[in-house]
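Chemist: Supplied structure: entry_16.cif, mmCIF, C-alpha atoms.
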data_target
#
loop_
_atom_site.group_PDB
_atom_site.id
_atom_site.type_symbol
_atom_site.label_atom_id
_atom_site.label_comp_id
_atom_site.auth_asym_id
_atom_site.auth_seq_id
_atom_site.Cartn_x
_atom_site.Cartn_y
_atom_site.Cartn_z
ATOM 1 C CA MET A 1 42.544 47.354 -41.793
ATOM 2 C CA ASN A 2 40.942 46.905 -45.217
ATOM 3 C CA LEU A 3 42.022 50.049 -47.024
ATOM 4 C CA GLN A 4 42.694 50.965 -50.613
ATOM 5 C CA THR A 5 44.470 53.639 -52.623
ATOM 6 C CA PRO A 6 42.553 56.907 -52.179
ATOM 7 C CA THR A 7 40.575 57.953 -55.257
ATOM 8 C CA GLU A 8 39.736 61.461 -54.039
ATOM 9 C CA PRO A 9 41.992 64.010 -52.316
ATOM 10 C CA PHE A 10 41.706 63.971 -48.541
ATOM 11 C CA THR A 11 40.780 67.305 -47.011
ATOM 12 C CA LEU A 12 39.925 68.272 -43.456
ATOM 13 C CA GLN A 13 37.476 70.989 -44.437
ATOM 14 C CA ARG A 14 35.176 70.581 -47.392
ATOM 15 C CA ARG A 15 31.819 72.074 -46.405
ATOM 16 C CA ASN A 16 30.616 75.197 -48.160
ATOM 17 C CA PRO A 17 29.132 77.328 -45.331
ATOM 18 C CA GLY A 18 26.455 78.641 -47.666
ATOM 19 C CA GLY A 19 25.409 75.215 -48.895
ATOM 20 C CA GLY A 20 25.682 73.813 -52.367
ATOM 21 C CA THR A 21 28.438 71.354 -51.467
ATOM 22 C CA ALA A 22 29.162 68.933 -54.308
ATOM 23 C CA PRO A 23 28.448 65.244 -53.577
ATOM 24 C CA LEU A 24 31.383 62.858 -53.677
ATOM 25 C CA LYS A 25 31.862 60.633 -56.715
ATOM 26 C CA ARG A 26 33.437 57.569 -55.131
ATOM 27 C CA TRP A 27 31.862 57.569 -51.673
ATOM 28 C CA GLY A 28 28.599 58.484 -49.950
ATOM 29 C CA PHE A 29 24.939 57.759 -50.560
ATOM 30 C CA ALA A 30 21.599 59.406 -51.211
ATOM 31 C CA ASN A 31 19.757 57.422 -48.547
ATOM 32 C CA GLU A 32 20.279 54.551 -46.084
ATOM 33 C CA THR A 33 18.273 51.965 -48.034
ATOM 34 C CA ASP A 34 20.027 51.771 -51.422
ATOM 35 C CA ARG A 35 22.351 48.834 -52.064
ATOM 36 C CA LEU A 36 25.244 48.897 -49.606
ATOM 37 C CA THR A 37 28.631 48.291 -51.240
ATOM 38 C CA ASP A 38 31.095 49.507 -48.566
ATOM 39 C CA VAL A 39 30.743 49.571 -44.789
ATOM 40 C CA LEU A 40 32.971 50.783 -41.958
ATOM 41 C CA LEU A 41 33.136 48.621 -38.831
ATOM 42 C CA GLY A 42 35.148 48.776 -35.625
ATOM 43 C CA SER A 43 37.195 45.971 -34.161
ATOM 44 C CA ALA A 44 35.978 44.004 -31.144
ATOM 45 C CA ALA A 45 39.531 42.903 -30.279
ATOM 46 C CA HIS A 46 39.754 45.154 -27.203
ATOM 47 C CA LEU A 47 36.059 45.231 -26.287
ATOM 48 C CA LYS A 48 35.131 45.926 -22.662
ATOM 49 C CA HIS A 49 31.746 46.149 -20.969
ATOM 50 C CA LEU A 50 31.669 49.747 -19.715
ATOM 51 C CA SER A 51 28.946 51.912 -18.202
ATOM 52 C CA THR A 52 27.992 53.824 -21.339
ATOM 53 C CA SER A 53 24.194 53.962 -20.935
ATOM 54 C CA SER A 54 21.339 52.788 -18.736
ATOM 55 C CA LEU A 55 21.080 49.699 -20.946
ATOM 56 C CA SER A 56 24.720 48.720 -20.498
ATOM 57 C CA ARG A 57 24.544 49.477 -16.762
ATOM 58 C CA LYS A 58 21.540 47.171 -16.399
ATOM 59 C CA HIS A 59 23.498 44.287 -17.910
ATOM 60 C CA LEU A 60 26.563 45.140 -15.822
ATOM 61 C CA ARG A 61 24.441 44.696 -12.703
ATOM 62 C CA GLU A 62 22.600 41.569 -13.787
ATOM 63 C CA ALA A 63 24.770 39.583 -16.226
ATOM 64 C CA PRO A 64 27.936 41.218 -17.606
ATOM 65 C CA CYS A 65 28.974 40.543 -21.180
ATOM 66 C CA ASN A 66 31.005 37.440 -21.967
ATOM 67 C CA VAL A 67 33.617 39.215 -24.075
ATOM 68 C CA GLN A 68 34.875 36.095 -25.873
ATOM 69 C CA VAL A 69 31.332 35.211 -26.973
ATOM 70 C CA ALA A 70 30.736 38.829 -27.960
ATOM 71 C CA GLN A 71 33.858 38.807 -30.136
ATOM 72 C CA ALA A 72 32.673 35.618 -31.850
ATOM 73 C CA GLN A 73 29.284 37.244 -32.498
ATOM 74 C CA HIS A 74 30.977 40.260 -34.042
ATOM 75 C CA ALA A 75 32.970 37.944 -36.325
ATOM 76 C CA GLU A 76 29.660 36.424 -37.472
ATOM 77 C CA LEU A 77 28.362 39.921 -38.203
ATOM 78 C CA VAL A 78 31.423 40.660 -40.361
ATOM 79 C CA ALA A 79 30.856 37.361 -42.181
ATOM 80 C CA ALA A 80 27.224 38.319 -42.862
ATOM 81 C CA TYR A 81 28.309 41.517 -44.630
ATOM 82 C CA GLN A 82 30.846 39.573 -46.661
ATOM 83 C CA HIS A 83 28.234 36.966 -47.547
ATOM 84 C CA PHE A 84 26.151 39.719 -49.152
ATOM 85 C CA GLY A 85 29.145 41.050 -51.091
ATOM 86 C CA VAL A 86 29.645 44.167 -48.975
ATOM 87 C CA LYS A 87 33.249 45.346 -48.746
ATOM 88 C CA VAL A 88 34.166 45.675 -45.073
ATOM 89 C CA HIS A 89 36.580 48.411 -43.974
ATOM 90 C CA MET A 90 37.820 48.340 -40.379
ATOM 91 C CA HIS A 91 39.060 50.948 -37.947
ATOM 92 C CA GLU A 92 42.506 49.966 -36.739
ATOM 93 C CA ALA A 93 42.144 48.136 -33.423
ATOM 94 C CA GLN A 94 43.577 50.084 -30.464
ATOM 95 C CA PRO A 95 43.559 48.901 -26.833
ATOM 96 C CA GLU A 96 42.821 52.448 -25.662
ATOM 97 C CA LEU A 97 39.510 52.395 -27.560
ATOM 98 C CA PRO A 98 37.491 49.466 -26.152
ATOM 99 C CA MET A 99 34.157 50.805 -27.468
ATOM 100 C CA GLN A 100 35.340 51.492 -31.020
ATOM 101 C CA VAL A 101 33.263 48.510 -32.144
ATOM 102 C CA TYR A 102 30.388 51.019 -32.313
ATOM 103 C CA ALA A 103 31.618 52.623 -35.520
ATOM 104 C CA ARG A 104 28.481 54.705 -36.051
ATOM 105 C CA ASP A 105 29.125 56.859 -32.980
ATOM 106 C CA SER A 106 32.449 58.523 -33.804
ATOM 107 C CA SER A 107 31.553 59.732 -37.293
ATOM 108 C CA VAL A 108 28.725 60.176 -39.765
ATOM 109 C CA MET A 109 29.004 59.521 -43.482
ATOM 110 C CA THR A 110 27.078 61.839 -45.808
ATOM 111 C CA PRO A 111 26.855 62.407 -49.573
ATOM 112 C CA TYR A 112 29.450 65.168 -49.153
ATOM 113 C CA GLY A 113 32.011 63.423 -46.977
ATOM 114 C CA ALA A 114 32.367 62.399 -43.360
ATOM 115 C CA ILE A 115 31.368 64.338 -40.265
ATOM 116 C CA ILE A 116 33.553 63.787 -37.221
ATOM 117 C CA THR A 117 31.269 63.791 -34.206
ATOM 118 C CA ALA A 118 31.876 64.897 -30.612
ATOM 119 C CA MET A 119 31.557 62.016 -28.165
ATOM 120 C CA ALA A 120 29.895 62.630 -24.812
ATOM 121 C CA GLN A 121 32.010 60.294 -22.660
ATOM 122 C CA TRP A 122 35.641 61.220 -22.132
ATOM 123 C CA TRP A 123 36.888 57.649 -22.502
ATOM 124 C CA ARG A 124 35.459 57.490 -26.034
ATOM 125 C CA ARG A 125 36.688 60.816 -27.436
ATOM 126 C CA GLY A 126 39.806 59.199 -28.833
ATOM 127 C CA GLU A 127 37.531 57.355 -31.276
ATOM 128 C CA ASN A 128 36.924 60.667 -33.044
ATOM 129 C CA TYR A 129 40.646 61.143 -33.708
ATOM 130 C CA ALA A 130 40.999 57.544 -34.842
ATOM 131 C CA ALA A 131 38.105 58.094 -37.257
ATOM 132 C CA ILE A 132 39.958 61.024 -38.841
ATOM 133 C CA ARG A 133 42.901 58.698 -39.534
ATOM 134 C CA THR A 134 40.602 56.072 -41.045
ATOM 135 C CA TYR A 135 39.009 58.547 -43.440
ATOM 136 C CA GLU A 136 42.420 59.927 -44.356
ATOM 137 C CA GLN A 137 43.660 56.434 -45.227
ATOM 138 C CA LEU A 138 40.538 55.733 -47.260
ATOM 139 C CA GLY A 139 40.793 59.058 -49.064
ATOM 140 C CA ILE A 140 37.348 60.182 -47.893
ATOM 141 C CA PRO A 141 37.087 63.962 -47.426
ATOM 142 C CA ILE A 142 35.793 65.297 -44.115
ATOM 143 C CA TYR A 143 32.762 67.534 -44.550
ATOM 144 C CA ASP A 144 33.048 69.086 -41.102
ATOM 145 C CA MET A 145 33.531 68.413 -37.375
ATOM 146 C CA VAL A 146 30.970 68.960 -34.633
ATOM 147 C CA THR A 147 32.112 71.736 -32.290
ATOM 148 C CA ALA A 148 28.897 72.955 -30.598
ATOM 149 C CA GLY A 149 28.142 70.474 -27.839
ATOM 150 C CA THR A 150 28.198 66.710 -28.100
ATOM 151 C CA PHE A 151 26.794 64.768 -31.033
ATOM 152 C CA GLU A 152 26.977 61.027 -31.794
ATOM 153 C CA GLY A 153 26.372 59.246 -35.082
ATOM 154 C CA GLY A 154 23.508 57.080 -33.852
ATOM 155 C CA ASP A 155 21.442 60.275 -33.764
ATOM 156 C CA PHE A 156 21.931 61.038 -37.478
ATOM 157 C CA ASN A 157 19.153 59.163 -39.252
ATOM 158 C CA VAL A 158 18.768 59.654 -43.022
ATOM 159 C CA ILE A 159 15.081 58.878 -43.502
ATOM 160 C CA GLU A 160 15.109 59.317 -47.274
ATOM 161 C CA GLU A 161 17.003 61.300 -49.855
ATOM 162 C CA GLY A 162 17.368 64.895 -48.669
ATOM 163 C CA CYS A 163 15.720 64.290 -45.299
ATOM 164 C CA VAL A 164 17.368 63.621 -41.931
ATOM 165 C CA LEU A 165 15.900 62.874 -38.511
ATOM 166 C CA ILE A 166 18.281 63.965 -35.737
ATOM 167 C CA GLY A 167 17.915 62.540 -32.251
ATOM 168 C CA CYS A 168 18.631 64.557 -29.126
ATOM 169 C CA GLY A 169 18.567 62.867 -25.750
ATOM 170 C CA GLY A 170 20.724 65.354 -23.874
ATOM 171 C CA ALA A 171 23.137 62.829 -22.370
ATOM 172 C CA ARG A 172 24.884 61.590 -25.509
ATOM 173 C CA THR A 173 23.744 64.167 -28.090
ATOM 174 C CA GLN A 174 23.120 67.680 -26.797
ATOM 175 C CA GLU A 175 20.746 70.154 -28.393
ATOM 176 C CA GLU A 176 23.626 72.461 -29.351
ATOM 177 C CA GLY A 177 25.301 69.698 -31.364
ATOM 178 C CA ALA A 178 22.024 68.580 -32.912
ATOM 179 C CA ARG A 179 21.187 72.106 -34.066
ATOM 180 C CA GLN A 180 24.668 72.674 -35.478
ATOM 181 C CA VAL A 181 24.423 69.561 -37.666
ATOM 182 C CA ALA A 182 20.824 70.361 -38.622
ATOM 183 C CA GLY A 183 21.929 73.831 -39.741
ATOM 184 C CA TRP A 184 24.567 72.389 -42.048
ATOM 185 C CA PHE A 185 22.025 70.237 -43.852
ATOM 186 C CA GLU A 186 19.375 72.916 -43.993
ATOM 187 C CA ALA A 187 21.967 75.000 -45.851
ATOM 188 C CA GLU A 188 22.339 72.092 -48.298
ATOM 189 C CA GLY A 189 18.584 72.171 -48.933
ATOM 190 C CA TRP A 190 17.709 69.145 -46.798
ATOM 191 C CA GLU A 191 14.599 68.759 -44.694
ATOM 192 C CA THR A 192 15.696 68.300 -41.077
ATOM 193 C CA ARG A 193 13.763 67.350 -37.982
ATOM 194 C CA ILE A 194 15.061 67.080 -34.428
ATOM 195 C CA ALA A 195 13.496 64.393 -32.264
ATOM 196 C CA PHE A 196 13.853 65.029 -28.545
ATOM 197 C CA ILE A 197 14.095 61.637 -26.884
ATOM 198 C CA ASP A 198 14.506 60.415 -23.324
ATOM 199 C CA GLU A 199 18.178 59.714 -22.617
ATOM 200 C CA TYR A 200 17.158 56.173 -21.588
ATOM 201 C CA TYR A 201 16.841 55.341 -25.299
ATOM 202 C CA VAL A 202 20.428 56.512 -25.990
ATOM 203 C CA HIS A 203 20.101 57.285 -29.746
ATOM 204 C CA ILE A 204 17.257 57.682 -32.225
ATOM 205 C CA ASP A 205 18.422 54.609 -34.168
ATOM 206 C CA LEU A 206 17.327 52.374 -31.307
ATOM 207 C CA MET A 207 13.702 53.145 -32.175
ATOM 208 C CA VAL A 208 13.548 54.410 -35.806
ATOM 209 C CA VAL A 209 15.484 52.761 -38.673
ATOM 210 C CA PRO A 210 14.639 52.825 -42.420
ATOM 211 C CA VAL A 211 14.214 49.404 -44.063
ATOM 212 C CA ALA A 212 13.547 50.249 -47.717
ATOM 213 C CA ASP A 213 12.118 53.078 -49.800
ATOM 214 C CA LYS A 214 9.134 54.474 -47.849
ATOM 215 C CA LEU A 215 9.299 51.594 -45.372
ATOM 216 C CA THR A 216 10.552 52.247 -41.830
ATOM 217 C CA ALA A 217 10.755 50.160 -38.677
ATOM 218 C CA VAL A 218 9.598 52.087 -35.605
ATOM 219 C CA CYS A 219 8.928 51.233 -31.994
ATOM 220 C CA GLU A 220 5.667 53.146 -31.753
ATOM 221 C CA THR A 221 5.461 52.578 -28.004
ATOM 222 C CA CYS A 222 8.511 54.736 -27.267
ATOM 223 C CA THR A 223 8.579 57.069 -30.282
ATOM 224 C CA ASP A 224 6.925 60.485 -30.161
ATOM 225 C CA PRO A 225 3.580 60.138 -32.023
ATOM 226 C CA ALA A 226 4.389 63.378 -33.850
ATOM 227 C CA ILE A 227 7.437 61.677 -35.395
ATOM 228 C CA VAL A 228 5.330 58.679 -36.432
ATOM 229 C CA ASP A 229 2.717 60.997 -37.955
ATOM 230 C CA TRP A 230 5.478 62.915 -39.763
ATOM 231 C CA LEU A 231 6.812 59.696 -41.298
ATOM 232 C CA ARG A 232 3.345 58.589 -42.383
ATOM 233 C CA ALA A 233 2.659 62.025 -43.881
ATOM 234 C CA LYS A 234 5.780 61.521 -45.983
ATOM 235 C CA GLY A 235 4.283 58.275 -47.309
ATOM 236 C CA HIS A 236 6.226 55.871 -45.106
ATOM 237 C CA GLU A 237 4.655 52.584 -44.142
ATOM 238 C CA ILE A 238 5.521 51.725 -40.542
ATOM 239 C CA ILE A 239 6.573 48.300 -39.285
ATOM 240 C CA ASP A 240 5.926 48.440 -35.560
ATOM 241 C CA VAL A 241 8.612 46.763 -33.433
ATOM 242 C CA PRO A 242 7.431 45.726 -29.928
ATOM 243 C CA PHE A 243 8.847 47.613 -26.946
ATOM 244 C CA GLN A 244 10.468 44.534 -25.380
ATOM 245 C CA ASP A 245 12.219 43.717 -28.667
ATOM 246 C CA THR A 246 13.363 47.325 -28.960
ATOM 247 C CA MET A 247 14.897 47.279 -25.478
ATOM 248 C CA ALA A 248 16.866 44.215 -26.618
ATOM 249 C CA LEU A 249 18.121 46.278 -29.615
ATOM 250 C CA GLY A 250 15.648 44.550 -31.931
ATOM 251 C CA CYS A 251 14.920 47.723 -33.912
ATOM 252 C CA ASN A 252 18.637 48.277 -34.414
ATOM 253 C CA PHE A 253 19.331 46.450 -37.689
ATOM 254 C CA MET A 254 21.092 47.256 -40.972
ATOM 255 C CA SER A 255 19.407 47.612 -44.337
ATOM 256 C CA LEU A 256 21.642 46.384 -47.168
ATOM 257 C CA GLY A 257 19.279 47.470 -49.949
ATOM 258 C CA GLY A 258 17.784 45.133 -52.523
ATOM 259 C CA ASP A 259 15.331 43.760 -49.912
ATOM 260 C CA ARG A 260 18.172 42.412 -47.761
ATOM 261 C CA VAL A 261 18.634 43.054 -44.066
ATOM 262 C CA ILE A 262 20.956 41.992 -41.261
ATOM 263 C CA ALA A 263 18.988 41.776 -38.005
ATOM 264 C CA PRO A 264 19.532 40.375 -34.501
ATOM 265 C CA THR A 265 18.053 36.913 -33.897
ATOM 266 C CA SER A 266 16.194 38.309 -30.873
ATOM 267 C CA SER A 267 14.007 40.495 -33.103
ATOM 268 C CA GLN A 268 11.604 37.728 -34.106
ATOM 269 C CA THR A 269 8.627 40.023 -34.749
ATOM 270 C CA LEU A 270 10.574 42.230 -37.158
ATOM 271 C CA ILE A 271 12.244 39.266 -38.859
ATOM 272 C CA GLY A 272 8.891 37.558 -39.357
ATOM 273 C CA LYS A 273 7.279 40.676 -40.825
ATOM 274 C CA LEU A 274 10.205 41.283 -43.182
ATOM 275 C CA ARG A 275 10.353 37.696 -44.421
ATOM 276 C CA ALA A 276 6.597 37.778 -45.006
ATOM 277 C CA ARG A 277 7.265 40.732 -47.333
ATOM 278 C CA GLY A 278 9.910 38.786 -49.248
ATOM 279 C CA PHE A 279 13.002 40.235 -47.604
ATOM 280 C CA GLU A 280 16.121 38.135 -47.242
ATOM 281 C CA VAL A 281 17.118 38.446 -43.590
ATOM 282 C CA ALA A 282 20.452 37.335 -42.167
ATOM 283 C CA ALA A 283 19.704 36.785 -38.478
ATOM 284 C CA VAL A 284 22.830 37.154 -36.330
ATOM 285 C CA ASP A 285 23.007 36.447 -32.605
ATOM 286 C CA MET A 286 23.985 39.702 -30.884
ATOM 287 C CA SER A 287 22.849 38.743 -27.373
ATOM 288 C CA GLU A 288 26.234 39.155 -25.665
ATOM 289 C CA ILE A 289 27.829 42.004 -27.568
ATOM 290 C CA SER A 290 24.666 44.106 -27.326
ATOM 291 C CA LYS A 291 24.980 44.034 -23.530
ATOM 292 C CA THR A 292 27.778 46.574 -23.957
ATOM 293 C CA GLY A 293 25.282 49.133 -25.207
ATOM 294 C CA GLY A 294 24.477 48.876 -28.911
ATOM 295 C CA GLY A 295 23.219 46.784 -31.778
ATOM 296 C CA ILE A 296 23.891 46.013 -35.421
ATOM 297 C CA HIS A 297 23.061 49.504 -36.706
ATOM 298 C CA CYS A 298 25.247 51.077 -33.993
ATOM 299 C CA MET A 299 28.216 49.001 -35.170
ATOM 300 C CA ALA A 300 28.151 50.051 -38.825
ATOM 301 C CA GLN A 301 28.785 53.208 -40.819
ATOM 302 C CA SER A 302 27.651 53.099 -44.454
ATOM 303 C CA LEU A 303 30.442 54.408 -46.674
ATOM 304 C CA LYS A 304 28.946 53.784 -50.091
ATOM 305 C CA ARG A 305 25.497 52.883 -51.394
ATOM 306 C CA GLU A 306 24.397 52.597 -55.024
ATOM 307 C CA ALA A 307 20.890 53.109 -56.344
#
Translate this structure into structure tokens?

Modeler:
Amino acid sequence: MNLQTPTEPFTLQRRNPGGGTAPLKRWGFANETDRLTDVLLGSAAHLKHLSTSSLSRKHLREAPCNVQVAQAQHAELVAAYQHFGVKVHMHEAQPELPMQVYARDSSVMTPYGAIITAMAQWWRRGENYAAIRTYEQLGIPIYDMVTAGTFEGGDFNVIEEGCVLIGCGGARTQEEGARQVAGWFEAEGWETRIAFIDEYYVHIDLMVVPVADKLTAVCETCTDPAIVDWLRAKGHEIIDVPFQDTMALGCNFMSLGGDRVIAPTSSQTLIGKLRARGFEVAAVDMSEISKTGGGIHCMAQSLKREA
């Protein structure tokens, strides 16, 4: 576990119910497209292919994940972050938490501290408690914990500074959890929007992910046109990712800031469009590990970004 001496006091309750919470000095970010300096990942050491979504069930029926290959792919992903100078912090590997590799699900990082989510599937709820320990060891305060229904981190999508798109598919994130989190950020003065999605798509970050300032990758085929219109009205240029690529987690990539992106090799349309714009793209093969239900964005929690 890559940890360091805490620089801020760890607290389990930091949020000001009336808003006006002070941003952290050492951790956090204003948006998800500034330069990434620190990232939280989960270990693939105890990975299993479980029935977590319709996508993972499809692969279980047709061609289950080769876990050894998946673990090697995850190691390549870690190396890609290190290549770009991003400091990688890891959840402690635990055999009881085989899906902890998806570090975005069990918590959400914000400018004010971490939110501990509420996982939908009973066999993953221990990841929430493990996340509390990780933040304690890092010295990152916890802003709050979701208590009203289920809520998973892949449905917390910071579109730009002060604006969050929250996904709600019902199966993994329930409306009660989505509205609780939205209320917290409305109190902080943020613009919030809840996107009701079909549970087939699991989380909103399978179809909408920011690339750079006012540039967002979207699968227009499966995204509510009202959401696409809302993004365009905010001045966002849309890079359309084909439906077939999206179903192979091709819209699930990680922006590192500074026109740098880590993307799955399967997402050739997106990679081609980004490179044509001058982006440096590290293409990593995620074909086996993604069979277990998530992609590159699902596996990473931004801890610190700098403008």

Chemist: Go through A:Leu77, A:Ala45, A:Val281, A:Ala30 and flag the residue nearest Val164 in chain A, using all atoms listed in the file for the distances.

Modeler: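 Of A:Leu77, A:Ala45, A:Val281, A:Ala30, the one nearest Val164 in chain A, counting all atoms listed in the file, is A:Ala30.
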
Chemist: Figure out the distance between CA of Thr292 in chain A and CA of Ala103 in chain A, please, to one decimal in Å.

Modeler: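 CA of Thr292 in chain A lies 13.6 Å from CA of Ala103 in chain A.
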
Chemist: Take the point (33.6, 40.9, -31.9) as written in the file and pick out every residue within 7 Å of it, counting all atoms listed in the file; give the list as a PDB file with C-alpha atoms, in the frame of the given file.

Modeler:
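What landed in point_27.pdb:
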ATOM      1  CA  SER A  43      37.195  45.971 -34.161  1.00  0.00           C
ATOM      2  CA  ALA A  44      35.978  44.004 -31.144  1.00  0.00           C
ATOM      3  CA  ALA A  45      39.531  42.903 -30.279  1.00  0.00           C
ATOM      4  CA  ALA A  70      30.736  38.829 -27.960  1.00  0.00           C
ATOM      5  CA  GLN A  71      33.858  38.807 -30.136  1.00  0.00           C
ATOM      6  CA  ALA A  72      32.673  35.618 -31.850  1.00  0.00           C
ATOM      7  CA  GLN A  73      29.284  37.244 -32.498  1.00  0.00           C
ATOM      8  CA  HIS A  74      30.977  40.260 -34.042  1.00  0.00           C
ATOM      9  CA  ALA A  75      32.970  37.944 -36.325  1.00  0.00           C
TER      10      ALA A  75
END

Chemist: Can you tell me which residues surround Ser106 in chain A at a distance of at most 7 Å, considering all atoms listed in the file, apart from same-chain residues fewer than 4 positions away, and format the answer as a ChimeraX atom specification?

Modeler: /A:116-117,119,127-128,131,152-153

Chemist: With all atoms listed in the file as the atoms that count, which of A:Ile140, A:Leu60, A:Cys163, A:Ala118 lies nearest to Arg26 in chain A?

Modeler: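 Nearest to Arg26 in chain A: A:Ile140.
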
Chemist: Decode the PyMOL selection byres ((chain A and resi 302) around 9) for the given file into explicit residues and return them as a list in words.

Modeler: Gly28, Phe29, Glu32, Leu36, Thr37, Asp38, Val39, Leu40, Arg104, Val108, Met109, Thr110, Ala300, Gln301, Leu303, Lys304 and Arg305 of chain A

Chemist: I'd like the contact shell of Pro23 in chain A - 8 Å cut-off, all atoms listed in the file, skipping same-chain residues fewer than 6 positions apart - returned as a count of residues only.

Modeler: 3

Chemist: At what distance in Å, to one decimal, does CA of Tyr129 in chain A lie from CA of Arg57 in chain A?

Modeler: 26.1 Å

Chemist: Which one of A:Thr265, A:Thr11, A:Thr246, A:Ser107 sits closest to Ala283 in chain A if you count only C-alpha atoms?

Modeler: A:Thr265

Chemist: What's the 8 Å shell around Gly20 in chain A, counting all atoms listed in the file, without same-chain residues fewer than 2 positions away, as number ranges by chain?

Modeler: A: 16, 18, 22, 187-188

Chemist: Take the point (18.8, 55.7, -50.5) in the file's coordinates, draw a sphere of radius 10 Å around it, and report as a PDB file with C-alpha atoms, in the frame of the given file every protein, DNA or RNA residue with an atom inside or on it, counting all atoms listed in the file.

Modeler:
ATOM      1  CA  PHE A  29      24.939  57.759 -50.560  1.00  0.00           C
ATOM      2  CA  ALA A  30      21.599  59.406 -51.211  1.00  0.00           C
ATOM      3  CA  ASN A  31      19.757  57.422 -48.547  1.00  0.00           C
ATOM      4  CA  GLU A  32      20.279  54.551 -46.084  1.00  0.00           C
ATOM      5  CA  THR A  33      18.273  51.965 -48.034  1.00  0.00           C
ATOM      6  CA  ASP A  34      20.027  51.771 -51.422  1.00  0.00           C
ATOM      7  CA  ARG A  35      22.351  48.834 -52.064  1.00  0.00           C
ATOM      8  CA  LEU A  36      25.244  48.897 -49.606  1.00  0.00           C
ATOM      9  CA  VAL A 158      18.768  59.654 -43.022  1.00  0.00           C
ATOM     10  CA  ILE A 159      15.081  58.878 -43.502  1.00  0.00           C
ATOM     11  CA  GLU A 160      15.109  59.317 -47.274  1.00  0.00           C
ATOM     12  CA  GLU A 161      17.003  61.300 -49.855  1.00  0.00           C
ATOM     13  CA  GLY A 162      17.368  64.895 -48.669  1.00  0.00           C
ATOM     14  CA  PRO A 210      14.639  52.825 -42.420  1.00  0.00           C
ATOM     15  CA  ALA A 212      13.547  50.249 -47.717  1.00  0.00           C
ATOM     16  CA  ASP A 213      12.118  53.078 -49.800  1.00  0.00           C
ATOM     17  CA  GLY A 257      19.279  47.470 -49.949  1.00  0.00           C
ATOM     18  CA  ARG A 305      25.497  52.883 -51.394  1.00  0.00           C
ATOM     19  CA  GLU A 306      24.397  52.597 -55.024  1.00  0.00           C
ATOM     20  CA  ALA A 307      20.890  53.109 -56.344  1.00  0.00           C
TER      21      ALA A 307
END

Chemist: Between A:Pro264, A:Pro141, A:Gly85, A:Gly19, which residue has the minimum interatomic distance to Ile115 in chain A, considering all atoms listed in the file?

Modeler: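 Result for the nearest residue to Ile115 in chain A: A:Pro141.
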
Chemist: Using only C-alpha atoms, can you tell me which of A:Phe151, A:Trp190, A:Phe243, A:Tyr200 comes closest to Leu270 in chain A?

Modeler: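 Counting only C-alpha atoms, the residue closest to Leu270 in chain A is A:Phe243.
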
Chemist: Rank nothing, just name the residue among A:Asn157, A:Asn66, A:Thr150, A:Ser287 nearest to Ala120 in chain A, using only C-alpha atoms.

Modeler: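 Using only C-alpha atoms, Ala120 in chain A sits closest to A:Thr150.
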
Chemist: Report, as AutoDock Vina command-line options, the axis-aligned box around all atoms of range 210-218 of chain A present in the file, extended by 8 Å on each side; give centre and edge lengths in Å to one decimal place.

Modeler:
--center_x 11.9 --center_y 51.9 --center_z -42.7 --size_x 21.5 --size_y 21.1 --size_z 30.2

Chemist: Give me the residues within 7 Å of range 229-236 of chain A as a ChimeraX atom specification, counting only C-alpha atoms and dropping any in the same chain fewer than 4 places off.

Modeler: /A:214-216,225

Chemist: Measure the distance from CA of Gly183 in chain A to CA of Ala148 in chain A in Å and round it to one decimal.

Modeler: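 Here the two named atoms are 11.5 Å from each other.
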
Chemist: So that I can see what lies close to Cys298 in chain A, please list as JSON, numbers by chain the residues with an atom at most 12 Å from it, counting only C-alpha atoms and leaving out residues fewer than 4 positions away in the same chain.

Modeler: {"A": [40, 41, 42, 99, 100, 101, 102, 103, 104, 105, 106, 107, 108, 152, 153, 154, 155, 156, 157, 202, 203, 204, 205, 206, 207, 209, 249, 250, 251, 252, 253, 254, 263, 286, 289, 290, 292, 293, 294, 302]}

Chemist: Carefully work through the PyMOL selection byres ((chain A and resi 170) around 9) for this structure and note down the residues it includes, as a ChimeraX atom specification.

Modeler: /A:150,168-169,171-175,196-199
